[in-house]
$ cat target02.cif   # mmCIF, C-alpha atoms and all ligand atoms
data_final
#
loop_
_atom_site.group_PDB
_atom_site.id
_atom_site.type_symbol
_atom_site.label_atom_id
_atom_site.label_comp_id
_atom_site.auth_asym_id
_atom_site.auth_seq_id
_atom_site.Cartn_x
_atom_site.Cartn_y
_atom_site.Cartn_z
ATOM 1 C CA MET A 567 -4.803 2.103 -25.506
ATOM 2 C CA ASN A 568 -8.230 1.373 -24.072
ATOM 3 C CA LEU A 569 -10.489 -1.589 -23.510
ATOM 4 C CA LYS A 570 -13.839 -0.074 -24.420
ATOM 5 C CA ASP A 571 -16.215 -2.901 -25.462
ATOM 6 C CA LYS A 572 -13.415 -5.483 -25.300
ATOM 7 C CA VAL A 573 -14.607 -8.807 -23.889
ATOM 8 C CA CYS A 574 -12.238 -9.721 -21.060
ATOM 9 C CA ILE A 575 -12.471 -12.969 -19.092
ATOM 10 C CA ILE A 576 -10.827 -12.894 -15.674
ATOM 11 C CA THR A 577 -10.622 -16.091 -13.610
ATOM 12 C CA GLY A 578 -10.629 -15.817 -9.836
ATOM 13 C CA ALA A 579 -12.171 -12.365 -10.213
ATOM 14 C CA ALA A 580 -14.439 -12.535 -7.150
ATOM 15 C CA SER A 581 -11.505 -11.716 -4.838
ATOM 16 C CA GLY A 582 -8.134 -10.018 -4.517
ATOM 17 C CA ILE A 583 -6.045 -9.276 -7.592
ATOM 18 C CA GLY A 584 -8.598 -10.629 -10.076
ATOM 19 C CA HIS A 585 -11.255 -8.379 -8.598
ATOM 20 C CA GLY A 586 -8.927 -5.379 -8.859
ATOM 21 C CA ILE A 587 -8.211 -6.137 -12.514
ATOM 22 C CA ALA A 588 -11.938 -6.432 -13.206
ATOM 23 C CA GLU A 589 -12.504 -3.056 -11.564
ATOM 24 C CA ARG A 590 -9.734 -1.446 -13.660
ATOM 25 C CA PHE A 591 -11.100 -2.923 -16.904
ATOM 26 C CA ILE A 592 -14.697 -1.905 -16.090
ATOM 27 C CA ALA A 593 -13.520 1.652 -15.463
ATOM 28 C CA ASP A 594 -12.127 1.564 -19.005
ATOM 29 C CA GLY A 595 -15.471 0.490 -20.517
ATOM 30 C CA ALA A 596 -14.723 -3.205 -20.982
ATOM 31 C CA LYS A 597 -17.182 -6.106 -20.988
ATOM 32 C CA VAL A 598 -15.791 -8.146 -18.134
ATOM 33 C CA VAL A 599 -16.483 -11.777 -17.272
ATOM 34 C CA ILE A 600 -16.176 -12.597 -13.576
ATOM 35 C CA ALA A 601 -15.270 -16.289 -13.622
ATOM 36 C CA ASP A 602 -14.987 -17.908 -10.208
ATOM 37 C CA LEU A 603 -15.773 -21.057 -8.262
ATOM 38 C CA LYS A 604 -19.067 -19.928 -6.741
ATOM 39 C CA LEU A 605 -21.758 -18.388 -8.927
ATOM 40 C CA ASP A 606 -23.267 -16.289 -6.124
ATOM 41 C CA ALA A 607 -19.934 -14.614 -5.307
ATOM 42 C CA ALA A 608 -19.199 -14.046 -9.003
ATOM 43 C CA GLN A 609 -22.687 -12.637 -9.594
ATOM 44 C CA LYS A 610 -22.423 -10.285 -6.608
ATOM 45 C CA THR A 611 -19.097 -8.997 -7.934
ATOM 46 C CA ALA A 612 -20.471 -8.611 -11.468
ATOM 47 C CA ASP A 613 -23.521 -6.670 -10.242
ATOM 48 C CA ALA A 614 -21.422 -4.321 -8.113
ATOM 49 C CA LEU A 615 -18.971 -3.640 -10.956
ATOM 50 C CA THR A 616 -21.736 -3.070 -13.505
ATOM 51 C CA ALA A 617 -23.223 -0.522 -11.110
ATOM 52 C CA GLN A 618 -19.850 1.282 -11.081
ATOM 53 C CA GLY A 619 -19.632 1.294 -14.909
ATOM 54 C CA PRO A 620 -19.060 2.465 -17.538
ATOM 55 C CA GLY A 621 -18.310 -1.129 -18.586
ATOM 56 C CA THR A 622 -20.534 -4.151 -17.942
ATOM 57 C CA ALA A 623 -19.858 -7.412 -16.150
ATOM 58 C CA MET A 624 -21.330 -10.902 -16.351
ATOM 59 C CA ALA A 625 -20.755 -13.802 -13.965
ATOM 60 C CA VAL A 626 -19.722 -17.316 -14.890
ATOM 61 C CA GLU A 627 -19.397 -20.250 -12.506
ATOM 62 C CA MET A 628 -16.072 -21.841 -13.351
ATOM 63 C CA ASP A 629 -13.732 -24.223 -11.610
ATOM 64 C CA VAL A 630 -10.684 -23.752 -13.835
ATOM 65 C CA THR A 631 -9.633 -27.378 -13.273
ATOM 66 C CA ASP A 632 -12.909 -28.701 -14.696
ATOM 67 C CA GLU A 633 -12.600 -29.126 -18.461
ATOM 68 C CA ALA A 634 -16.346 -29.266 -19.116
ATOM 69 C CA GLN A 635 -17.084 -26.252 -16.932
ATOM 70 C CA VAL A 636 -14.311 -24.181 -18.541
ATOM 71 C CA ASN A 637 -15.519 -25.003 -22.045
ATOM 72 C CA ALA A 638 -19.153 -24.307 -21.133
ATOM 73 C CA GLY A 639 -18.233 -21.026 -19.452
ATOM 74 C CA ILE A 640 -16.269 -19.749 -22.448
ATOM 75 C CA GLU A 641 -19.095 -20.767 -24.800
ATOM 76 C CA ALA A 642 -21.613 -18.894 -22.609
ATOM 77 C CA VAL A 643 -19.511 -15.755 -22.971
ATOM 78 C CA VAL A 644 -19.283 -16.110 -26.751
ATOM 79 C CA THR A 645 -23.027 -16.722 -26.950
ATOM 80 C CA LYS A 646 -23.710 -13.540 -24.993
ATOM 81 C CA TRP A 647 -21.012 -11.215 -26.294
ATOM 82 C CA GLY A 648 -19.873 -12.847 -29.548
ATOM 83 C CA LYS A 649 -16.106 -12.805 -29.035
ATOM 84 C CA ILE A 650 -13.216 -12.972 -26.583
ATOM 85 C CA ASP A 651 -10.518 -10.318 -26.696
ATOM 86 C CA VAL A 652 -8.643 -10.871 -23.438
ATOM 87 C CA LEU A 653 -8.116 -13.780 -21.038
ATOM 88 C CA VAL A 654 -6.589 -13.109 -17.640
ATOM 89 C CA SER A 655 -5.837 -16.528 -16.142
ATOM 90 C CA ASN A 656 -5.533 -15.417 -12.540
ATOM 91 C CA ALA A 657 -7.251 -17.987 -10.291
ATOM 92 C CA GLY A 658 -4.789 -19.406 -7.826
ATOM 93 C CA ILE A 659 -4.164 -20.720 -4.345
ATOM 94 C CA GLN A 660 -1.181 -21.100 -2.048
ATOM 95 C CA ILE A 661 -0.262 -24.159 0.005
ATOM 96 C CA VAL A 662 2.952 -24.149 2.038
ATOM 97 C CA HIS A 663 4.774 -27.139 3.542
ATOM 98 C CA PRO A 664 8.396 -28.256 3.694
ATOM 99 C CA LEU A 665 8.932 -30.544 0.701
ATOM 100 C CA GLN A 666 9.513 -33.677 2.775
ATOM 101 C CA ASP A 667 6.055 -33.226 4.338
ATOM 102 C CA PHE A 668 4.193 -31.960 1.251
ATOM 103 C CA PRO A 669 1.044 -34.086 0.809
ATOM 104 C CA PHE A 670 0.816 -35.375 -2.757
ATOM 105 C CA ALA A 671 -2.859 -34.374 -2.870
ATOM 106 C CA ASP A 672 -1.926 -30.749 -2.049
ATOM 107 C CA TRP A 673 0.811 -30.756 -4.692
ATOM 108 C CA LYS A 674 -1.630 -32.004 -7.349
ATOM 109 C CA LYS A 675 -4.363 -29.578 -6.284
ATOM 110 C CA LEU A 676 -2.083 -26.549 -6.520
ATOM 111 C CA LEU A 677 -0.522 -27.533 -9.846
ATOM 112 C CA SER A 678 -3.945 -28.279 -11.263
ATOM 113 C CA ILE A 679 -5.453 -24.898 -10.407
ATOM 114 C CA HIS A 680 -2.463 -22.921 -11.682
ATOM 115 C CA LEU A 681 -1.350 -25.003 -14.676
ATOM 116 C CA ASP A 682 -4.380 -27.036 -15.792
ATOM 117 C CA GLY A 683 -6.409 -23.843 -15.244
ATOM 118 C CA ALA A 684 -4.114 -21.791 -17.486
ATOM 119 C CA PHE A 685 -4.069 -24.541 -20.121
ATOM 120 C CA LEU A 686 -7.809 -25.223 -20.173
ATOM 121 C CA THR A 687 -8.889 -21.570 -20.252
ATOM 122 C CA SER A 688 -6.319 -20.713 -22.939
ATOM 123 C CA ARG A 689 -7.296 -23.700 -25.051
ATOM 124 C CA ALA A 690 -10.968 -22.752 -24.859
ATOM 125 C CA CYS A 691 -10.334 -19.100 -25.762
ATOM 126 C CA LEU A 692 -7.783 -19.544 -28.544
ATOM 127 C CA PRO A 693 -10.146 -20.689 -31.348
ATOM 128 C CA HIS A 694 -12.238 -17.545 -30.805
ATOM 129 C CA MET A 695 -9.155 -15.327 -30.762
ATOM 130 C CA TYR A 696 -7.739 -17.000 -33.876
ATOM 131 C CA LYS A 697 -11.062 -16.531 -35.654
ATOM 132 C CA ALA A 698 -10.929 -12.805 -34.864
ATOM 133 C CA GLY A 699 -7.207 -12.557 -35.689
ATOM 134 C CA SER A 700 -6.383 -10.971 -32.335
ATOM 135 C CA GLY A 701 -6.284 -11.629 -28.624
ATOM 136 C CA SER A 702 -4.297 -11.135 -25.456
ATOM 137 C CA ILE A 703 -3.686 -13.865 -22.887
ATOM 138 C CA ILE A 704 -2.275 -12.867 -19.526
ATOM 139 C CA PHE A 705 -1.108 -15.321 -16.877
ATOM 140 C CA MET A 706 -0.825 -14.324 -13.249
ATOM 141 C CA GLY A 707 2.684 -15.444 -12.412
ATOM 142 C CA SER A 708 4.627 -14.197 -9.418
ATOM 143 C CA VAL A 709 8.100 -13.229 -8.328
ATOM 144 C CA HIS A 710 8.022 -16.967 -7.686
ATOM 145 C CA SER A 711 8.072 -17.410 -11.485
ATOM 146 C CA LYS A 712 11.700 -16.198 -11.151
ATOM 147 C CA GLU A 713 12.775 -16.869 -7.565
ATOM 148 C CA ALA A 714 12.389 -19.722 -5.104
ATOM 149 C CA SER A 715 11.389 -19.618 -1.445
ATOM 150 C CA PRO A 716 11.363 -22.372 1.151
ATOM 151 C CA LEU A 717 8.023 -24.157 1.737
ATOM 152 C CA LYS A 718 6.671 -23.208 -1.710
ATOM 153 C CA SER A 719 7.775 -26.088 -3.927
ATOM 154 C CA ALA A 720 4.408 -26.534 -5.641
ATOM 155 C CA TYR A 721 3.759 -22.809 -6.091
ATOM 156 C CA VAL A 722 7.263 -22.033 -7.406
ATOM 157 C CA THR A 723 7.032 -24.987 -9.808
ATOM 158 C CA ALA A 724 3.619 -23.863 -11.076
ATOM 159 C CA LYS A 725 4.583 -20.212 -11.454
ATOM 160 C CA HIS A 726 7.760 -21.096 -13.363
ATOM 161 C CA GLY A 727 5.649 -23.325 -15.609
ATOM 162 C CA LEU A 728 3.431 -20.426 -16.649
ATOM 163 C CA LEU A 729 6.431 -18.702 -18.262
ATOM 164 C CA GLY A 730 6.871 -21.693 -20.545
ATOM 165 C CA LEU A 731 3.206 -21.885 -21.468
ATOM 166 C CA ALA A 732 3.070 -18.159 -22.287
ATOM 167 C CA ARG A 733 6.133 -18.469 -24.527
ATOM 168 C CA VAL A 734 4.633 -21.385 -26.455
ATOM 169 C CA ILE A 735 1.328 -19.536 -26.949
ATOM 170 C CA SER A 736 3.299 -16.506 -28.157
ATOM 171 C CA LYS A 737 5.020 -18.624 -30.797
ATOM 172 C CA GLU A 738 1.878 -20.518 -31.854
ATOM 173 C CA GLY A 739 -0.316 -17.420 -31.788
ATOM 174 C CA GLY A 740 2.013 -14.809 -33.241
ATOM 175 C CA GLU A 741 0.994 -15.101 -36.863
ATOM 176 C CA ARG A 742 -2.655 -15.082 -35.825
ATOM 177 C CA GLY A 743 -2.412 -11.924 -33.745
ATOM 178 C CA VAL A 744 -2.561 -13.581 -30.318
ATOM 179 C CA ARG A 745 -0.159 -12.432 -27.611
ATOM 180 C CA ALA A 746 0.665 -14.046 -24.260
ATOM 181 C CA ASN A 747 2.437 -12.459 -21.315
ATOM 182 C CA VAL A 748 2.969 -13.050 -17.604
ATOM 183 C CA ILE A 749 2.627 -10.612 -14.705
ATOM 184 C CA CYS A 750 4.930 -11.389 -11.787
ATOM 185 C CA PRO A 751 3.808 -9.559 -8.630
ATOM 186 C CA GLY A 752 5.617 -9.443 -5.322
ATOM 187 C CA PHE A 753 3.545 -9.821 -2.150
ATOM 188 C CA VAL A 754 0.104 -8.217 -2.393
ATOM 189 C CA LYS A 755 -2.143 -8.099 0.694
ATOM 190 C CA THR A 756 -5.026 -10.304 -0.387
ATOM 191 C CA PRO A 757 -6.768 -13.188 1.413
ATOM 192 C CA LEU A 758 -4.193 -15.521 -0.183
ATOM 193 C CA VAL A 759 -1.341 -13.708 1.564
ATOM 194 C CA GLU A 760 -3.141 -12.991 4.858
ATOM 195 C CA LYS A 761 -3.576 -16.756 5.241
ATOM 196 C CA GLN A 762 0.136 -17.425 4.711
ATOM 197 C CA ILE A 763 1.407 -15.139 7.477
ATOM 198 C CA PRO A 764 0.475 -17.369 10.454
ATOM 199 C CA GLU A 765 1.238 -20.541 8.453
ATOM 200 C CA GLN A 766 4.761 -19.414 7.603
ATOM 201 C CA ALA A 767 5.358 -18.178 11.158
ATOM 202 C CA ARG A 768 4.476 -21.674 12.377
ATOM 203 C CA ASP A 769 6.512 -23.564 9.761
ATOM 204 C CA LEU A 770 9.591 -21.297 9.965
ATOM 205 C CA GLY A 771 9.431 -20.900 13.769
ATOM 206 C CA ILE A 772 9.423 -17.068 13.653
ATOM 207 C CA SER A 773 6.950 -14.326 14.586
ATOM 208 C CA GLU A 774 4.277 -13.033 12.209
ATOM 209 C CA ASP A 775 6.035 -9.618 12.155
ATOM 210 C CA GLU A 776 9.215 -11.341 11.010
ATOM 211 C CA VAL A 777 7.299 -13.148 8.264
ATOM 212 C CA VAL A 778 6.033 -9.796 6.948
ATOM 213 C CA ASN A 779 9.157 -7.691 7.413
ATOM 214 C CA ARG A 780 11.857 -10.253 6.690
ATOM 215 C CA VAL A 781 10.375 -13.019 4.540
ATOM 216 C CA MET A 782 7.810 -11.060 2.518
ATOM 217 C CA LEU A 783 9.256 -7.558 2.275
ATOM 218 C CA GLY A 784 12.899 -8.031 3.285
ATOM 219 C CA GLU A 785 14.236 -7.950 -0.273
ATOM 220 C CA THR A 786 12.145 -5.006 -1.507
ATOM 221 C CA VAL A 787 13.767 -1.596 -1.977
ATOM 222 C CA ASP A 788 11.300 0.138 0.387
ATOM 223 C CA GLN A 789 9.650 -2.562 2.568
ATOM 224 C CA GLU A 790 6.311 -1.999 0.866
ATOM 225 C CA PHE A 791 3.671 -4.416 -0.325
ATOM 226 C CA THR A 792 2.796 -4.298 -4.013
ATOM 227 C CA THR A 793 -0.835 -3.186 -4.344
ATOM 228 C CA ILE A 794 -3.760 -4.656 -6.234
ATOM 229 C CA ALA A 795 -3.949 -1.383 -8.189
ATOM 230 C CA ASP A 796 -0.283 -1.741 -9.245
ATOM 231 C CA VAL A 797 -0.948 -5.207 -10.649
ATOM 232 C CA ALA A 798 -4.198 -4.123 -12.307
ATOM 233 C CA GLU A 799 -2.367 -1.323 -14.118
ATOM 234 C CA VAL A 800 0.140 -3.780 -15.571
ATOM 235 C CA ALA A 801 -2.705 -6.108 -16.585
ATOM 236 C CA HIS A 802 -4.278 -3.167 -18.396
ATOM 237 C CA ILE A 803 -1.064 -2.546 -20.346
ATOM 238 C CA PHE A 804 -0.783 -6.181 -21.439
ATOM 239 C CA ALA A 805 -4.512 -6.349 -22.264
ATOM 240 C CA ALA A 806 -4.684 -3.136 -24.281
ATOM 241 C CA PHE A 807 -1.281 -3.138 -25.969
ATOM 242 C CA PRO A 808 -2.109 -3.144 -29.662
ATOM 243 C CA THR A 809 0.647 -5.196 -31.308
ATOM 244 C CA ASN A 810 2.702 -8.377 -31.079
ATOM 245 C CA ALA A 811 5.706 -6.304 -30.044
ATOM 246 C CA LEU A 812 4.777 -7.157 -26.475
ATOM 247 C CA THR A 813 4.503 -10.940 -26.367
ATOM 248 C CA GLY A 814 6.234 -13.801 -24.576
ATOM 249 C CA GLN A 815 7.231 -11.388 -21.816
ATOM 250 C CA SER A 816 7.080 -11.428 -18.045
ATOM 251 C CA LEU A 817 6.931 -8.209 -16.078
ATOM 252 C CA VAL A 818 7.917 -8.172 -12.406
ATOM 253 C CA VAL A 819 5.944 -5.757 -10.202
ATOM 254 C CA SER A 820 7.525 -6.151 -6.792
ATOM 255 C CA HIS A 821 9.097 -2.988 -5.339
ATOM 256 C CA GLY A 822 12.458 -4.238 -6.554
ATOM 257 C CA TRP A 823 12.331 -7.578 -4.722
ATOM 258 C CA TYR A 824 13.380 -9.223 -7.972
ATOM 259 C CA MET A 825 15.256 -7.251 -10.629
ATOM 260 C CA ASN A 826 15.932 -8.496 -14.133
HETATM 261 P P1 LIG B 1 -7.364 -14.537 -3.585
HETATM 262 O O1 LIG B 1 -7.401 -15.725 -2.693
HETATM 263 O O2 LIG B 1 -7.746 -13.198 -3.042
HETATM 264 O O3 LIG B 1 -8.242 -14.796 -4.892
HETATM 265 C C1 LIG B 1 -8.157 -15.995 -5.615
HETATM 266 C C2 LIG B 1 -9.468 -16.236 -6.350
HETATM 267 O O4 LIG B 1 -9.312 -17.418 -7.130
HETATM 268 C C3 LIG B 1 -10.668 -16.464 -5.397
HETATM 269 O O5 LIG B 1 -11.758 -15.682 -5.818
HETATM 270 C C4 LIG B 1 -10.950 -17.959 -5.547
HETATM 271 O O6 LIG B 1 -12.315 -18.304 -5.367
HETATM 272 C C5 LIG B 1 -10.490 -18.187 -6.982
HETATM 273 N N1 LIG B 1 -10.203 -19.603 -7.236
HETATM 274 C C6 LIG B 1 -9.484 -20.463 -6.468
HETATM 275 N N2 LIG B 1 -9.505 -21.669 -7.018
HETATM 276 C C7 LIG B 1 -10.223 -21.594 -8.162
HETATM 277 C C8 LIG B 1 -10.598 -22.507 -9.171
HETATM 278 N N3 LIG B 1 -10.250 -23.805 -9.105
HETATM 279 N N4 LIG B 1 -11.348 -22.065 -10.198
HETATM 280 C C9 LIG B 1 -11.729 -20.766 -10.269
HETATM 281 N N5 LIG B 1 -11.417 -19.854 -9.347
HETATM 282 C C10 LIG B 1 -10.673 -20.259 -8.296
HETATM 283 O O7 LIG B 1 -5.867 -14.535 -4.162
HETATM 284 P P2 LIG B 1 -5.001 -13.400 -4.915
HETATM 285 O O8 LIG B 1 -3.897 -13.020 -4.001
HETATM 286 O O9 LIG B 1 -5.851 -12.355 -5.509
HETATM 287 O O10 LIG B 1 -4.344 -14.303 -6.054
HETATM 288 C C11 LIG B 1 -4.702 -14.209 -7.429
HETATM 289 C C12 LIG B 1 -3.534 -14.696 -8.259
HETATM 290 O O11 LIG B 1 -2.403 -13.841 -8.030
HETATM 291 C C13 LIG B 1 -3.068 -16.120 -7.935
HETATM 292 O O12 LIG B 1 -2.722 -16.783 -9.134
HETATM 293 C C14 LIG B 1 -1.827 -15.882 -7.107
HETATM 294 O O13 LIG B 1 -0.925 -16.970 -7.167
HETATM 295 C C15 LIG B 1 -1.282 -14.633 -7.774
HETATM 296 N N6 LIG B 1 -0.337 -13.880 -6.955
HETATM 297 C C16 LIG B 1 -0.701 -13.372 -5.754
HETATM 298 C C17 LIG B 1 0.213 -12.654 -5.028
HETATM 299 C C18 LIG B 1 -0.130 -12.074 -3.687
HETATM 300 O O14 LIG B 1 0.803 -11.658 -2.988
HETATM 301 N N7 LIG B 1 -1.383 -12.001 -3.303
HETATM 302 C C19 LIG B 1 1.500 -12.450 -5.521
HETATM 303 C C20 LIG B 1 1.846 -12.974 -6.749
HETATM 304 C C21 LIG B 1 0.906 -13.684 -7.479
#
$ encode --input "target02.cif" --output "structure tokens" --more "lines below"
Ligand code: NAD
Amino acid sequence: MNLKDKVCIITGAASGIGHGIAERFIADGAKVVIADLKLDAAQKTADALTAQGPGTAMAVEMDVTDEAQVNAGIEAVVTKWGKIDVLVSNAGIQIVHPLQDFPFADWKKLLSIHLDGAFLTSRACLPHMYKAGSGSIIFMGSVHSKEASPLKSAYVTAKHGLLGLARVISKEGGERGVRANVICPGFVKTPLVEKQIPEQARDLGISEDEVVNRVMLGETVDQEFTTIADVAEVAHIFAAFPTNALTGQSLVVSHGWYMN
């Protein structure tokens, strides 16, 4: 199972988990598309990864909630590299508030990035995958695709929704060789999580140490954060797996926080 010369689009790849997945795929010889909000950040990432090799990276400016920009970005990839083998819909944000105080604008923003983003990027990639008779779509879910936590109504709703979308794509895409799966990581120390530690301490009225040790890692089997490399390895399996045997699935990578 390898990704040599496979064209792999990763959204939100200028930071955190997306960046780690891009690095893993490049190491395997893939042609990786760094799709992110700001072209300069995406380009910097693409240049650095291409220098690492043996794969190659290109940058695409893409707000995953912008239909025209998503469609144009996917077309630019097909123009340059002729096909799309893998989509990792990873771009995401976190906003925490108790539900009774959750601003409607924040709710809509979060759902749009996670769900509209997954829909729009999948819809733009599918015709190219169907034409080729193969493709792998991977959504970045979360343990919050399976579990709930206080303060995270929008995030938990969005991450549960991705399971449904992946299952529908599996059923629609099966006969045309397209697979869809969801990765469900536990807490990974990225900018997204670093930002939540003081916010949750404030909203829950506890110390930052308690947020880390009790709220984030309390249910794990070993009080350890999941790493970017752990998640990237699972993304590699879903991306490179050669048949429809692995489709419509969600794999939890969380040091045992959630077991199913
Ligand atoms: P991060 O903040 O390090 O990276 C997120 C990236 O997404 C950034 O590069 C950002 O610019 C990009 N992005 C944000 N909005 C975008 C938009 N509208 N269009 C395009 N790009 C956009 O976060 P991360 O922790 O690496 O998170 C990546 C994904 O992993 C998210 O979907 C997140 O929900 C999921 N996740 C993270 C954790 C964790 O503990 N860090 C756990 C489970 C799931």
$ residues_near_ligand --input "target02.cif" --ligand "ligand LIG 1 (chain B)" --cutoff "6 Å" --atoms "only C-alpha atoms and all ligand atoms" --output "count of residues only"
31
$ atom_distance --input "target02.cif" --atom1 "CA of Thr616 in chain A" --atom2 "CA of Ala798 in chain A"
17.6 Å
$ closest_residue --input "target02.cif" --among "A:Phe804, A:Phe705, A:Tyr721, A:Trp823" --to "Thr687 in chain A" --atoms "only C-alpha atoms"
A:Phe705
$ resolve_selection --input "target02.cif" --expression "the PyMOL selection byres (((chain A and resi 822) around 8) and not hetatm)" --output "PyMOL selection string"
chain A and resi 785-787+819-821+823-825
$ write_last_selection --input "target02.cif" --atoms "C-alpha atoms" --output "PDB file, in the coordinates of the input"
ATOM      1  CA  GLU A 785      14.236  -7.950  -0.273  1.00  0.00           C
ATOM      2  CA  THR A 786      12.145  -5.006  -1.507  1.00  0.00           C
ATOM      3  CA  VAL A 787      13.767  -1.596  -1.977  1.00  0.00           C
ATOM      4  CA  VAL A 819       5.944  -5.757 -10.202  1.00  0.00           C
ATOM      5  CA  SER A 820       7.525  -6.151  -6.792  1.00  0.00           C
ATOM      6  CA  HIS A 821       9.097  -2.988  -5.339  1.00  0.00           C
ATOM      7  CA  TRP A 823      12.331  -7.578  -4.722  1.00  0.00           C
ATOM      8  CA  TYR A 824      13.380  -9.223  -7.972  1.00  0.00           C
ATOM      9  CA  MET A 825      15.256  -7.251 -10.629  1.00  0.00           C
TER      10      MET A 825
END
$ resolve_selection --input "target02.cif" --expression "the PyMOL selection byres (((chain A and resi 703) around 12) and not hetatm)" --output "number ranges by chain"
A: 574-577, 650-656, 684-685, 687-692, 695, 700-702, 704-706, 728, 731-736, 739-740, 743-749, 801-807, 810, 812-815
$ atom_distance --input "target02.cif" --atom1 "CA of Val644 in chain A" --atom2 "CA of His694 in chain A"
8.3 Å
$ closest_residue --input "target02.cif" --among "A:Ala596, A:Ala671, A:Ile763, A:Ile661" --to "Asp775 in chain A" --atoms "only C-alpha atoms"
A:Ile763
$ resolve_selection --input "target02.cif" --expression "the PyMOL selection byres (((chain A and resi 613) around 12) and not hetatm)" --output "ChimeraX atom specification"
/A:580,588-589,592,598-600,605-612,614-619,621-625
$ atom_distance --input "target02.cif" --atom1 "CA of Arg590 in chain A" --atom2 "CA of Ala795 in chain A"
8.0 Å
$ closest_residue --input "target02.cif" --among "A:Thr792, A:Gln762, A:Asn826, A:Ser711" --to "Leu729 in chain A" --atoms "only C-alpha atoms"
A:Ser711
$ closest_residue --input "target02.cif" --among "A:Pro716, A:Pro764, A:Gly683, A:Gly699" --to "Phe668 in chain A" --atoms "all atoms listed in the file"
A:Pro716
$ residues_near_point --input "target02.cif" --point "(5.8, -32.0, 1.1)" --cutoff "12 Å" --atoms "all atoms listed in the file" --output "list in words"
Ile661, Val662, His663, Pro664, Leu665, Gln666, Asp667, Phe668, Pro669, Phe670, Ala671, Asp672, Trp673, Lys674, Pro716, Leu717, Lys718, Ser719, Ala720 and Tyr721 of chain A
$ closest_residue --input "target02.cif" --among "A:Ala724, A:Val800, A:Leu681, A:Ala638" --to "Ser816 in chain A" --atoms "all atoms listed in the file"
A:Val800
$ residues_around --input "target02.cif" --residues "Lys570 in chain A" --least-positions-apart "2" --cutoff "10 Å" --atoms "all atoms listed in the file" --output "NGL selection string"
:A and (567-568 or 572-573 or 591-597 or 620-621 or 806)
$ axis_aligned_box --input "target02.cif" --around "range 619-624 of chain A" --padding-each-side "3 Å" --output "lines of an AutoDock Vina configuration file"
center_x = -19.8
center_y = -4.2
center_z = -16.7
size_x = 9.0
size_y = 19.4
size_z = 9.7
$ closest_residue --input "target02.cif" --among "A:Pro808, A:Met782, A:His680, A:Ala601" --to "Leu569 in chain A" --atoms "all atoms listed in the file"
A:Pro808
